[in-house]
>>> print(open('start01.tsv').read())   # TSV, C-alpha atoms
chain	number	residue	atom	x	y	z
A	1	MET	CA	-45.41	22.44	1.87
A	2	ALA	CA	-42.16	20.84	3.02
A	3	THR	CA	-42.27	18.25	0.26
A	4	GLY	CA	-42.76	20.95	-2.38
A	5	ASN	CA	-39.83	22.93	-1.00
A	6	TRP	CA	-37.66	19.81	-1.02
A	7	LEU	CA	-38.48	19.39	-4.70
A	8	VAL	CA	-37.38	22.98	-5.40
A	9	ILE	CA	-34.15	22.40	-3.46
A	10	PHE	CA	-33.45	19.13	-5.29
A	11	THR	CA	-34.14	20.63	-8.73
A	12	LEU	CA	-32.01	23.70	-8.12
A	13	ALA	CA	-29.08	21.67	-6.75
A	14	LEU	CA	-29.31	19.35	-9.75
A	15	ALA	CA	-29.37	22.24	-12.22
A	16	VAL	CA	-26.43	24.05	-10.63
A	17	ALA	CA	-24.33	20.88	-10.60
A	18	VAL	CA	-25.24	19.99	-14.18
A	19	VAL	CA	-24.21	23.45	-15.39
A	20	GLY	CA	-21.33	23.96	-12.99
A	21	THR	CA	-19.51	20.65	-13.44
A	22	PRO	CA	-18.35	21.20	-17.05
A	23	LEU	CA	-17.39	24.77	-16.12
A	24	MET	CA	-15.21	23.47	-13.26
A	25	ARG	CA	-13.72	20.95	-15.66
A	26	GLN	CA	-12.46	23.79	-17.84
A	27	VAL	CA	-11.18	25.67	-14.79
A	28	ALA	CA	-9.30	22.57	-13.60
A	29	ILE	CA	-7.70	22.10	-17.03
A	30	HIS	CA	-6.71	25.77	-17.17
A	31	LEU	CA	-5.15	25.65	-13.68
A	32	GLY	CA	-3.56	22.27	-14.24
A	33	VAL	CA	-5.46	20.66	-11.37
A	34	LEU	CA	-5.44	17.14	-12.78
A	35	ASP	CA	-5.46	13.65	-11.35
A	36	ARG	CA	-2.61	11.96	-13.18
A	37	PRO	CA	-2.28	8.20	-13.70
A	38	ALA	CA	-0.35	6.20	-11.10
A	39	ALA	CA	0.16	2.57	-10.14
A	40	ARG	CA	-2.58	2.70	-7.51
A	41	LYS	CA	-5.14	4.34	-9.83
A	42	VAL	CA	-7.42	2.81	-12.43
A	43	HIS	CA	-7.47	5.64	-15.00
A	44	THR	CA	-4.81	5.80	-17.72
A	45	ALA	CA	-4.96	9.49	-18.71
A	46	PRO	CA	-5.03	12.74	-16.72
A	47	VAL	CA	-8.53	13.67	-15.53
A	48	PRO	CA	-9.55	17.17	-14.32
A	49	LEU	CA	-10.37	17.54	-10.65
A	50	LEU	CA	-12.46	20.22	-8.84
A	51	GLY	CA	-15.83	18.59	-9.59
A	52	GLY	CA	-16.44	18.86	-5.87
A	53	VAL	CA	-16.68	22.62	-6.23
A	54	ALA	CA	-19.74	22.15	-8.47
A	55	ILE	CA	-21.28	19.82	-5.87
A	56	TYR	CA	-20.63	22.43	-3.18
A	57	ALA	CA	-22.16	25.20	-5.31
A	58	GLY	CA	-25.25	23.06	-5.96
A	59	VAL	CA	-25.81	22.41	-2.28
A	60	LEU	CA	-25.13	26.02	-1.25
A	61	VAL	CA	-27.33	27.67	-3.86
A	62	ALA	CA	-30.18	25.22	-3.37
A	63	LEU	CA	-30.25	25.73	0.39
A	64	ALA	CA	-30.86	29.44	-0.16
A	65	PHE	CA	-34.44	28.23	-0.60
A	66	TYR	CA	-34.52	26.60	2.83
A	67	ALA	CA	-37.57	28.32	4.29
A	68	ASP	CA	-37.54	27.37	7.99
A	69	ARG	CA	-35.40	29.88	9.90
A	70	ARG	CA	-36.07	28.36	13.34
A	71	GLU	CA	-32.92	26.24	13.02
A	72	ILE	CA	-30.79	28.95	11.43
A	73	VAL	CA	-27.90	28.43	13.89
A	74	GLN	CA	-27.64	24.75	13.01
A	75	VAL	CA	-27.99	25.46	9.29
A	76	ALA	CA	-25.19	28.01	9.56
A	77	GLY	CA	-23.04	25.54	11.50
A	78	ILE	CA	-23.50	22.85	8.85
A	79	LEU	CA	-22.70	25.26	6.01
A	80	VAL	CA	-19.62	26.65	7.77
A	81	GLY	CA	-18.36	23.12	8.42
A	82	ALA	CA	-19.11	22.09	4.84
A	83	THR	CA	-17.30	25.15	3.48
A	84	TRP	CA	-14.30	24.41	5.66
A	85	VAL	CA	-13.94	20.78	4.55
A	86	ALA	CA	-14.58	21.67	0.90
A	87	ALA	CA	-11.89	24.38	1.04
A	88	THR	CA	-9.51	21.89	2.66
A	89	GLY	CA	-10.22	19.51	-0.19
A	90	VAL	CA	-9.58	22.17	-2.85
A	91	TRP	CA	-6.26	22.97	-1.21
A	92	ASP	CA	-5.34	19.30	-1.17
A	93	ASP	CA	-6.36	18.86	-4.82
A	94	HIS	CA	-4.28	21.85	-5.88
A	95	SER	CA	-1.21	21.66	-3.66
A	96	GLY	CA	-1.43	18.51	-1.60
A	97	LEU	CA	-1.83	18.21	2.17
A	98	ARG	CA	-0.49	15.79	4.72
A	99	ALA	CA	-2.96	13.24	6.05
A	100	SER	CA	-2.52	14.74	9.53
A	101	ALA	CA	-3.52	18.19	8.24
A	102	LYS	CA	-6.67	16.82	6.62
A	103	LEU	CA	-7.52	14.93	9.80
A	104	LEU	CA	-7.11	18.08	11.88
A	105	ALA	CA	-9.39	19.98	9.47
A	106	GLN	CA	-12.06	17.32	9.91
A	107	VAL	CA	-11.83	17.54	13.70
A	108	VAL	CA	-12.25	21.31	13.43
A	109	ALA	CA	-15.34	20.80	11.26
A	110	ALA	CA	-16.76	18.44	13.88
A	111	GLY	CA	-16.07	21.13	16.47
A	112	VAL	CA	-18.10	23.61	14.42
A	113	LEU	CA	-21.04	21.21	14.51
A	114	LEU	CA	-20.73	20.80	18.27
A	115	ALA	CA	-20.66	24.58	18.70
A	116	ALA	CA	-23.89	24.79	16.69
A	117	GLY	CA	-25.57	22.20	18.90
A	118	ILE	CA	-25.34	19.33	16.42
A	119	GLN	CA	-24.18	16.13	18.08
A	120	VAL	CA	-25.03	12.53	18.80
A	121	LYS	CA	-27.67	12.38	21.53
A	122	LEU	CA	-27.73	8.88	22.93
A	123	PRO	CA	-28.75	8.30	26.58
A	124	ILE	CA	-25.11	8.20	27.71
A	125	PRO	CA	-22.79	10.75	29.40
A	126	VAL	CA	-22.32	14.00	27.49
A	127	TRP	CA	-18.59	13.51	26.98
A	128	MET	CA	-19.27	10.17	25.31
A	129	ASN	CA	-21.76	11.79	22.93
A	130	VAL	CA	-19.16	14.45	22.08
A	131	ALA	CA	-16.52	11.79	21.44
A	132	LEU	CA	-18.95	9.78	19.29
A	133	THR	CA	-19.82	12.90	17.30
A	134	ILE	CA	-16.18	13.64	16.47
A	135	THR	CA	-15.46	9.99	15.68
A	136	TRP	CA	-18.53	9.68	13.46
A	137	VAL	CA	-17.85	12.90	11.52
A	138	VAL	CA	-14.17	12.12	10.97
A	139	GLY	CA	-14.89	8.48	10.19
A	140	ILE	CA	-17.64	9.02	7.61
A	141	THR	CA	-15.82	11.95	6.02
A	142	ASN	CA	-12.76	9.76	5.49
A	143	ALA	CA	-14.90	6.82	4.40
A	144	PHE	CA	-16.23	8.76	1.41
A	145	ASN	CA	-12.75	10.05	0.68
A	146	LEU	CA	-11.49	6.44	0.54
A	147	LEU	CA	-14.53	5.32	-1.46
A	148	ASP	CA	-13.71	7.76	-4.26
A	149	ASN	CA	-11.57	5.21	-6.09
A	150	MET	CA	-13.55	4.36	-9.24
A	151	ASP	CA	-15.61	6.34	-11.75
A	152	GLY	CA	-19.02	7.25	-10.36
A	153	LEU	CA	-18.64	5.30	-7.13
A	154	SER	CA	-18.55	7.92	-4.39
A	155	SER	CA	-21.04	10.26	-6.08
A	156	GLY	CA	-23.44	7.39	-6.83
A	157	VAL	CA	-23.28	5.93	-3.34
A	158	ALA	CA	-23.82	9.43	-1.90
A	159	ALA	CA	-26.89	9.82	-4.14
A	160	VAL	CA	-28.32	6.48	-2.97
A	161	ALA	CA	-27.67	7.28	0.69
A	162	SER	CA	-29.09	10.80	0.47
A	163	ALA	CA	-32.20	9.43	-1.27
A	164	TYR	CA	-32.78	7.12	1.71
A	165	PHE	CA	-32.11	9.95	4.16
A	166	LEU	CA	-34.69	12.01	2.25
A	167	LEU	CA	-37.23	9.20	2.44
A	168	LEU	CA	-36.59	8.63	6.15
A	169	ALA	CA	-36.91	12.38	6.80
A	170	ALA	CA	-40.24	12.42	4.97
A	171	LEU	CA	-41.50	9.45	7.01
A	172	SER	CA	-40.54	11.10	10.30
A	173	GLY	CA	-41.41	14.71	9.37
A	174	GLN	CA	-37.91	16.21	9.64
A	175	TYR	CA	-37.71	19.29	7.47
A	176	LEU	CA	-34.04	20.18	8.02
A	177	VAL	CA	-32.76	16.67	7.26
A	178	GLY	CA	-35.04	16.48	4.22
A	179	ALA	CA	-33.82	19.81	2.86
A	180	PHE	CA	-30.14	18.91	3.14
A	181	ALA	CA	-30.73	15.40	1.80
A	182	ALA	CA	-32.59	16.83	-1.21
A	183	ALA	CA	-29.73	19.27	-1.88
A	184	VAL	CA	-27.07	16.54	-1.64
A	185	LEU	CA	-29.12	14.19	-3.82
A	186	GLY	CA	-29.55	16.81	-6.55
A	187	ALA	CA	-25.92	17.97	-6.48
A	188	SER	CA	-24.58	14.40	-6.45
A	189	LEU	CA	-26.71	13.36	-9.41
A	190	GLY	CA	-25.82	16.50	-11.35
A	191	PHE	CA	-22.13	15.72	-10.94
A	192	TRP	CA	-22.60	11.94	-11.42
A	193	ILE	CA	-23.73	12.51	-15.02
A	194	TYR	CA	-20.15	13.54	-15.87
A	195	ASN	CA	-18.43	11.22	-13.42
A	196	PHE	CA	-19.87	7.81	-14.32
A	197	ASN	CA	-17.57	5.57	-16.33
A	198	PRO	CA	-15.83	6.84	-18.39
A	199	ALA	CA	-15.43	9.88	-16.13
A	200	ARG	CA	-14.83	13.27	-17.70
A	201	ILE	CA	-14.09	14.87	-14.33
A	202	PHE	CA	-13.32	13.76	-10.79
A	203	MET	CA	-14.76	15.33	-7.65
A	204	GLY	CA	-11.35	15.32	-5.93
A	205	ASP	CA	-10.98	15.66	-2.18
A	206	ALA	CA	-13.11	18.81	-2.37
A	207	GLY	CA	-16.08	16.64	-3.28
A	208	SER	CA	-15.39	13.44	-1.36
A	209	LEU	CA	-14.67	15.25	1.92
A	210	LEU	CA	-17.72	17.45	1.43
A	211	LEU	CA	-20.06	14.55	0.71
A	212	GLY	CA	-18.68	12.55	3.62
A	213	PHE	CA	-19.15	15.47	5.99
A	214	LEU	CA	-22.72	16.09	4.84
A	215	MET	CA	-23.58	12.38	5.08
A	216	ALA	CA	-22.25	12.35	8.63
A	217	VAL	CA	-24.38	15.38	9.50
A	218	LEU	CA	-27.52	13.80	8.05
A	219	GLY	CA	-26.87	10.68	10.11
A	220	ILE	CA	-26.52	12.73	13.30
A	221	LYS	CA	-29.57	14.91	12.66
A	222	LEU	CA	-31.91	12.07	11.72
A	223	ARG	CA	-34.39	11.43	14.53
A	224	PHE	CA	-37.19	8.91	15.08
A	225	PRO	CA	-39.61	10.12	17.79
A	226	THR	CA	-41.69	6.92	17.58
A	227	ASN	CA	-38.80	4.57	18.37
A	228	VAL	CA	-36.06	4.34	21.00
A	229	PRO	CA	-32.45	5.56	20.55
A	230	TRP	CA	-31.06	2.09	21.24
A	231	VAL	CA	-32.68	1.02	17.96
A	232	THR	CA	-32.51	4.11	15.78
A	233	TRP	CA	-28.74	4.62	16.13
A	234	MET	CA	-28.39	1.72	13.70
A	235	VAL	CA	-30.32	3.45	10.91
A	236	PRO	CA	-27.60	5.86	9.63
A	237	VAL	CA	-24.98	3.12	10.06
A	238	LEU	CA	-26.99	0.90	7.71
A	239	VAL	CA	-27.72	3.68	5.21
A	240	LEU	CA	-23.98	4.39	5.03
A	241	GLY	CA	-23.07	0.71	5.14
A	242	VAL	CA	-21.20	0.66	1.81
A	243	PRO	CA	-18.55	3.30	2.67
A	244	ILE	CA	-18.30	1.91	6.22
A	245	PHE	CA	-17.71	-1.61	4.91
A	246	ASP	CA	-15.18	-0.44	2.34
A	247	THR	CA	-13.21	1.50	4.95
A	248	THR	CA	-13.32	-1.42	7.39
A	249	LEU	CA	-12.05	-3.80	4.70
A	250	VAL	CA	-9.20	-1.47	3.74
A	251	VAL	CA	-8.15	-0.83	7.35
A	252	VAL	CA	-8.24	-4.52	8.31
A	253	SER	CA	-6.43	-5.57	5.15
A	254	ARG	CA	-3.66	-2.99	5.49
A	255	LEU	CA	-3.14	-3.62	9.20
A	256	ARG	CA	-2.84	-7.35	8.51
A	257	ARG	CA	-0.02	-6.54	6.09
A	258	GLY	CA	1.71	-4.14	8.45
A	259	ARG	CA	0.80	-1.06	6.41
A	260	ASN	CA	-0.49	2.32	7.59
A	261	PRO	CA	-4.20	2.29	6.67
A	262	LEU	CA	-4.41	6.10	6.37
A	263	THR	CA	-1.29	7.03	4.42
A	264	THR	CA	-0.63	3.92	2.34
A	265	PRO	CA	-2.67	3.94	-0.90
A	266	GLY	CA	-3.49	0.80	-2.83
A	267	LYS	CA	-5.92	-1.12	-5.01
A	268	ASP	CA	-7.44	-2.95	-2.06
A	269	HIS	CA	-10.94	-1.47	-1.98
A	270	VAL	CA	-14.13	-3.43	-2.56
A	271	SER	CA	-14.45	-2.05	-6.09
A	272	HIS	CA	-10.92	-3.13	-7.03
A	273	ARG	CA	-11.51	-6.61	-5.65
A	274	LEU	CA	-14.76	-7.01	-7.58
A	275	VAL	CA	-12.91	-6.14	-10.79
A	276	ARG	CA	-10.25	-8.74	-9.98
A	277	LEU	CA	-13.06	-11.27	-9.51
A	278	GLY	CA	-14.15	-10.69	-13.11
A	279	TRP	CA	-16.67	-7.85	-12.96
A	280	THR	CA	-16.17	-4.85	-15.22
A	281	LYS	CA	-15.58	-1.47	-13.57
A	282	ARG	CA	-19.11	-0.39	-14.40
A	283	GLU	CA	-20.57	-3.62	-13.04
A	284	ALA	CA	-18.56	-3.32	-9.84
A	285	VAL	CA	-19.85	0.20	-9.24
A	286	LEU	CA	-23.44	-0.77	-10.05
A	287	LEU	CA	-23.20	-3.73	-7.68
A	288	LEU	CA	-22.18	-1.39	-4.87
A	289	TYR	CA	-25.12	0.89	-5.72
A	290	LEU	CA	-27.35	-2.17	-5.37
A	291	ALA	CA	-25.76	-3.01	-2.01
A	292	GLY	CA	-26.46	0.55	-0.85
A	293	CYS	CA	-30.10	0.20	-1.90
A	294	ALA	CA	-30.43	-3.11	-0.02
A	295	LEU	CA	-28.91	-1.64	3.13
A	296	GLY	CA	-31.19	1.39	2.86
A	297	GLY	CA	-34.19	-0.93	2.72
A	298	ILE	CA	-32.97	-2.72	5.85
A	299	ALA	CA	-32.53	0.68	7.53
A	300	ILE	CA	-36.16	1.57	6.86
A	301	PHE	CA	-37.27	-1.72	8.43
A	302	VAL	CA	-35.06	-1.15	11.48
A	303	SER	CA	-36.40	2.40	11.94
A	304	VAL	CA	-39.85	1.01	12.83
A	305	ALA	CA	-38.82	-2.34	14.32
A	306	THR	CA	-38.98	-3.50	17.91
A	307	VAL	CA	-35.75	-3.74	19.86
A	308	ARG	CA	-35.61	-7.53	19.48
A	309	ALA	CA	-36.35	-7.49	15.74
A	310	ALA	CA	-33.95	-4.61	15.08
A	311	TYR	CA	-31.04	-6.30	16.83
A	312	ALA	CA	-31.80	-9.60	15.15
A	313	ILE	CA	-31.62	-8.10	11.66
A	314	ALA	CA	-28.60	-5.98	12.63
A	315	THR	CA	-26.79	-9.08	13.91
A	316	TRP	CA	-27.44	-11.01	10.69
A	317	THR	CA	-26.34	-7.99	8.63
A	318	ALA	CA	-23.12	-7.66	10.63
A	319	LEU	CA	-22.41	-11.39	10.26
A	320	ALA	CA	-22.99	-11.16	6.49
A	321	ALA	CA	-20.62	-8.18	6.31
A	322	ALA	CA	-17.95	-10.03	8.30
A	323	ALA	CA	-18.31	-13.08	6.05
A	324	ALA	CA	-18.02	-10.88	2.95
A	325	LEU	CA	-14.90	-9.21	4.34
A	326	ILE	CA	-13.22	-12.55	5.05
A	327	TRP	CA	-14.24	-13.93	1.65
A	328	LEU	CA	-12.87	-10.90	-0.21
A	329	GLU	CA	-9.59	-11.10	1.71
A	330	ARG	CA	-9.20	-14.76	0.78
A	331	HIS	CA	-10.50	-14.83	-2.77
A	332	ALA	CA	-9.58	-11.34	-4.02
A	333	PRO	CA	-6.47	-10.37	-2.07
A	334	PRO	CA	-4.95	-6.99	-2.93
A	335	PRO	CA	-1.75	-6.67	-4.92
A	336	ASP	CA	1.27	-5.24	-3.16
A	337	VAL	CA	0.25	-1.91	-1.67
A	338	GLU	CA	2.13	0.98	-3.15
A	339	LYS	CA	4.56	2.51	-0.68
A	340	PRO	CA	3.97	6.19	0.13
A	341	GLY	CA	6.16	8.81	-1.48
>>> encode(input="start01.tsv", output="structure tokens")
Amino acid sequence: MATGNWLVIFTLALAVAVVGTPLMRQVAIHLGVLDRPAARKVHTAPVPLLGGVAIYAGVLVALAFYADRREIVQVAGILVGATWVAATGVWDDHSGLRASAKLLAQVVAAGVLLAAGIQVKLPIPVWMNVALTITWVVGITNAFNLLDNMDGLSSGVAAVASAYFLLLAALSGQYLVGAFAAAVLGASLGFWIYNFNPARIFMGDAGSLLLGFLMAVLGIKLRFPTNVPWVTWMVPVLVLGVPIFDTTLVVVSRLRRGRNPLTTPGKDHVSHRLVRLGWTKREAVLLLYLAGCALGGIAIFVSVATVRAAYAIATWTALAAAAALIWLERHAPPPDVEKPG
């Protein structure tokens, strides 16, 4: 029954996003909410924003069919937090917000989750779990915001990650995680149709912050009763490995150059570096989809692995990521980072 309901949720989210995205494109054009070309951007003509509103509508409408009311408080908490970050993103798309204001909004959204009983639950002191929850939510939310730097990248990576979360939820019998993952997968794909290169609309901060928040929630809620927490904590980190790696690369690169990693924009993301290495923009994005698929496969293995096997594969994966980061810094260094303002 759960699987059938997930299919309904996925289909409805997909349909709403497919219909709603071109409508939001017209609204964005009418209101003048456009992403205009700049030195740090790869597009050469103004592109309408507000695609994230269509993603939000797809998720919200689809979850009206969520049938299990036993977790209604947590569902409400997730939706309130998602609404809050999406509204923050719309405001930023329309009028612009300081980085500090967006960061505060994300902390508030994490607080909503904590109030609803949604938090990291490792066998450590409660205050550490609370701190990890806030750090994870803010970190992943910002990671997807940073990842939204090339046509189809953030929406496609979100679709890949949510597909793996859906599969992992099915394998472990988690209805709530499966329902939200199905909604995000459908809404992301519905928007992606219009966002893949050449993009006809961007999701804007409304979409990237929303997707990041929902990905963070799925990672927190995912549970594996047949394995131990000291292993399963790695699963969502691997599923979301692409945005985590991209953010790590950007932060390390900008700090090395004495730049503020949060407020200094630039063409120093993985996608930009792949293009400088000779890949086309489409190929760079597809390669990152493939990386997300590979990491999702590793996550499935880790979810059922012994402690020794899980940490062995995690160590090799971390070493490969570190080697890739160093290689990209040496062989595809970023151009001068554009100064803020």
>>> residues_near_point(input="start01.tsv", point="(-7.2, 0.0, 1.0)", cutoff="8 Å", atoms="all atoms listed in the file", output="PyMOL selection string")
chain A and resi 146+247+249-251+253-254+261+264-269
>>> closest_atom_pairs(input="start01.tsv", of="segment 14-87 of chain A", to="segment 106-125 of chain A", cutoff="9 Å", atoms="all atoms listed in the file", output="tab-separated table")
residue	atom	partner	partner_atom	distance
A:Val73	CA	A:Ala116	CA	6.1
A:Gln74	CA	A:Ala116	CA	5.3
A:Val75	CA	A:Ala116	CA	8.5
A:Ala76	CA	A:Ala116	CA	7.9
A:Gly77	CA	A:Ala116	CA	5.3
A:Ile78	CA	A:Leu113	CA	6.4
A:Val80	CA	A:Val112	CA	7.5
A:Gly81	CA	A:Ala109	CA	4.8
A:Ala82	CA	A:Ala109	CA	7.6
A:Trp84	CA	A:Ala109	CA	6.7
A:Val85	CA	A:Gln106	CA	6.7
>>> residues_around(input="start01.tsv", residues="Leu171 of chain A", least_positions_apart="4", cutoff="12 Å", atoms="all atoms listed in the file", output="VMD selection string")
chain A and resid 3 164 to 167 175 177 to 178 222 to 226 300 303 to 304
>>> closest_residue(input="start01.tsv", among="A:Gly96, A:Gly292, A:Gly89, A:Gly156", to="Tyr194 of chain A", atoms="all atoms listed in the file")
A:Gly156
>>> residues_around(input="start01.tsv", residues="Leu7 of chain A", least_positions_apart="3", cutoff="12 Å", atoms="all atoms listed in the file", output="VMD selection string")
chain A and resid 1 to 4 10 to 14 62 to 63 65 to 66 166 178 to 183 185 to 186
>>> closest_atom_pairs(input="start01.tsv", of="segment 210-316 of chain A", to="segment 128-140 of chain A", cutoff="8 Å", atoms="all atoms listed in the file", output="tab-separated table")
residue	atom	partner	partner_atom	distance
A:Gly212	CA	A:Ile140	CA	5.4
A:Phe213	CA	A:Val137	CA	6.2
A:Met215	CA	A:Ile140	CA	7.3
A:Ala216	CA	A:Val137	CA	5.3
A:Val217	CA	A:Val137	CA	7.3
A:Ile220	CA	A:Thr133	CA	7.8
A:Pro243	CA	A:Ile140	CA	7.6
A:Ile244	CA	A:Ile140	CA	7.3
>>> atom_distance(input="start01.tsv", atom1="atom CA of Leu168 of chain A", atom2="atom CA of Ala57 of chain A")
24.8 Å
>>> closest_residue(input="start01.tsv", among="A:Val8, A:Ala206, A:Val33, A:Ala163", to="Gly296 of chain A", atoms="all atoms listed in the file")
A:Ala163
>>> residues_around(input="start01.tsv", residues="Gly20 of chain A", least_positions_apart="2", cutoff="10 Å", atoms="only C-alpha atoms", output="ChimeraX atom specification")
/A:14-18,22-25,51,53-58,187,190-191
>>> atom_distance(input="start01.tsv", atom1="atom CA of Leu210 of chain A", atom2="atom CA of Thr88 of chain A")
9.4 Å
>>> atom_distance(input="start01.tsv", atom1="atom CA of Ala299 of chain A", atom2="atom CA of Val239 of chain A")
6.1 Å
>>> residues_around(input="start01.tsv", residues="Phe301 of chain A", least_positions_apart="4", cutoff="12 Å", atoms="all atoms listed in the file", output="list in words")
Tyr164, Leu168, Asn227, Val231, Thr232, Met234, Val235, Leu238, Val239, Ala294, Leu295, Gly296, Gly297, Ala305, Thr306, Val307, Ala309, Ala310, Tyr311, Ala312, Ile313 and Ala314 of chain A
>>> axis_aligned_box(input="start01.tsv", around="segment 269-284 of chain A", padding_each_side="3 Å", output="AutoDock Vina command-line options")
--center_x -15.4 --center_y -5.8 --center_z -8.6 --size_x 16.3 --size_y 16.9 --size_z 19.2
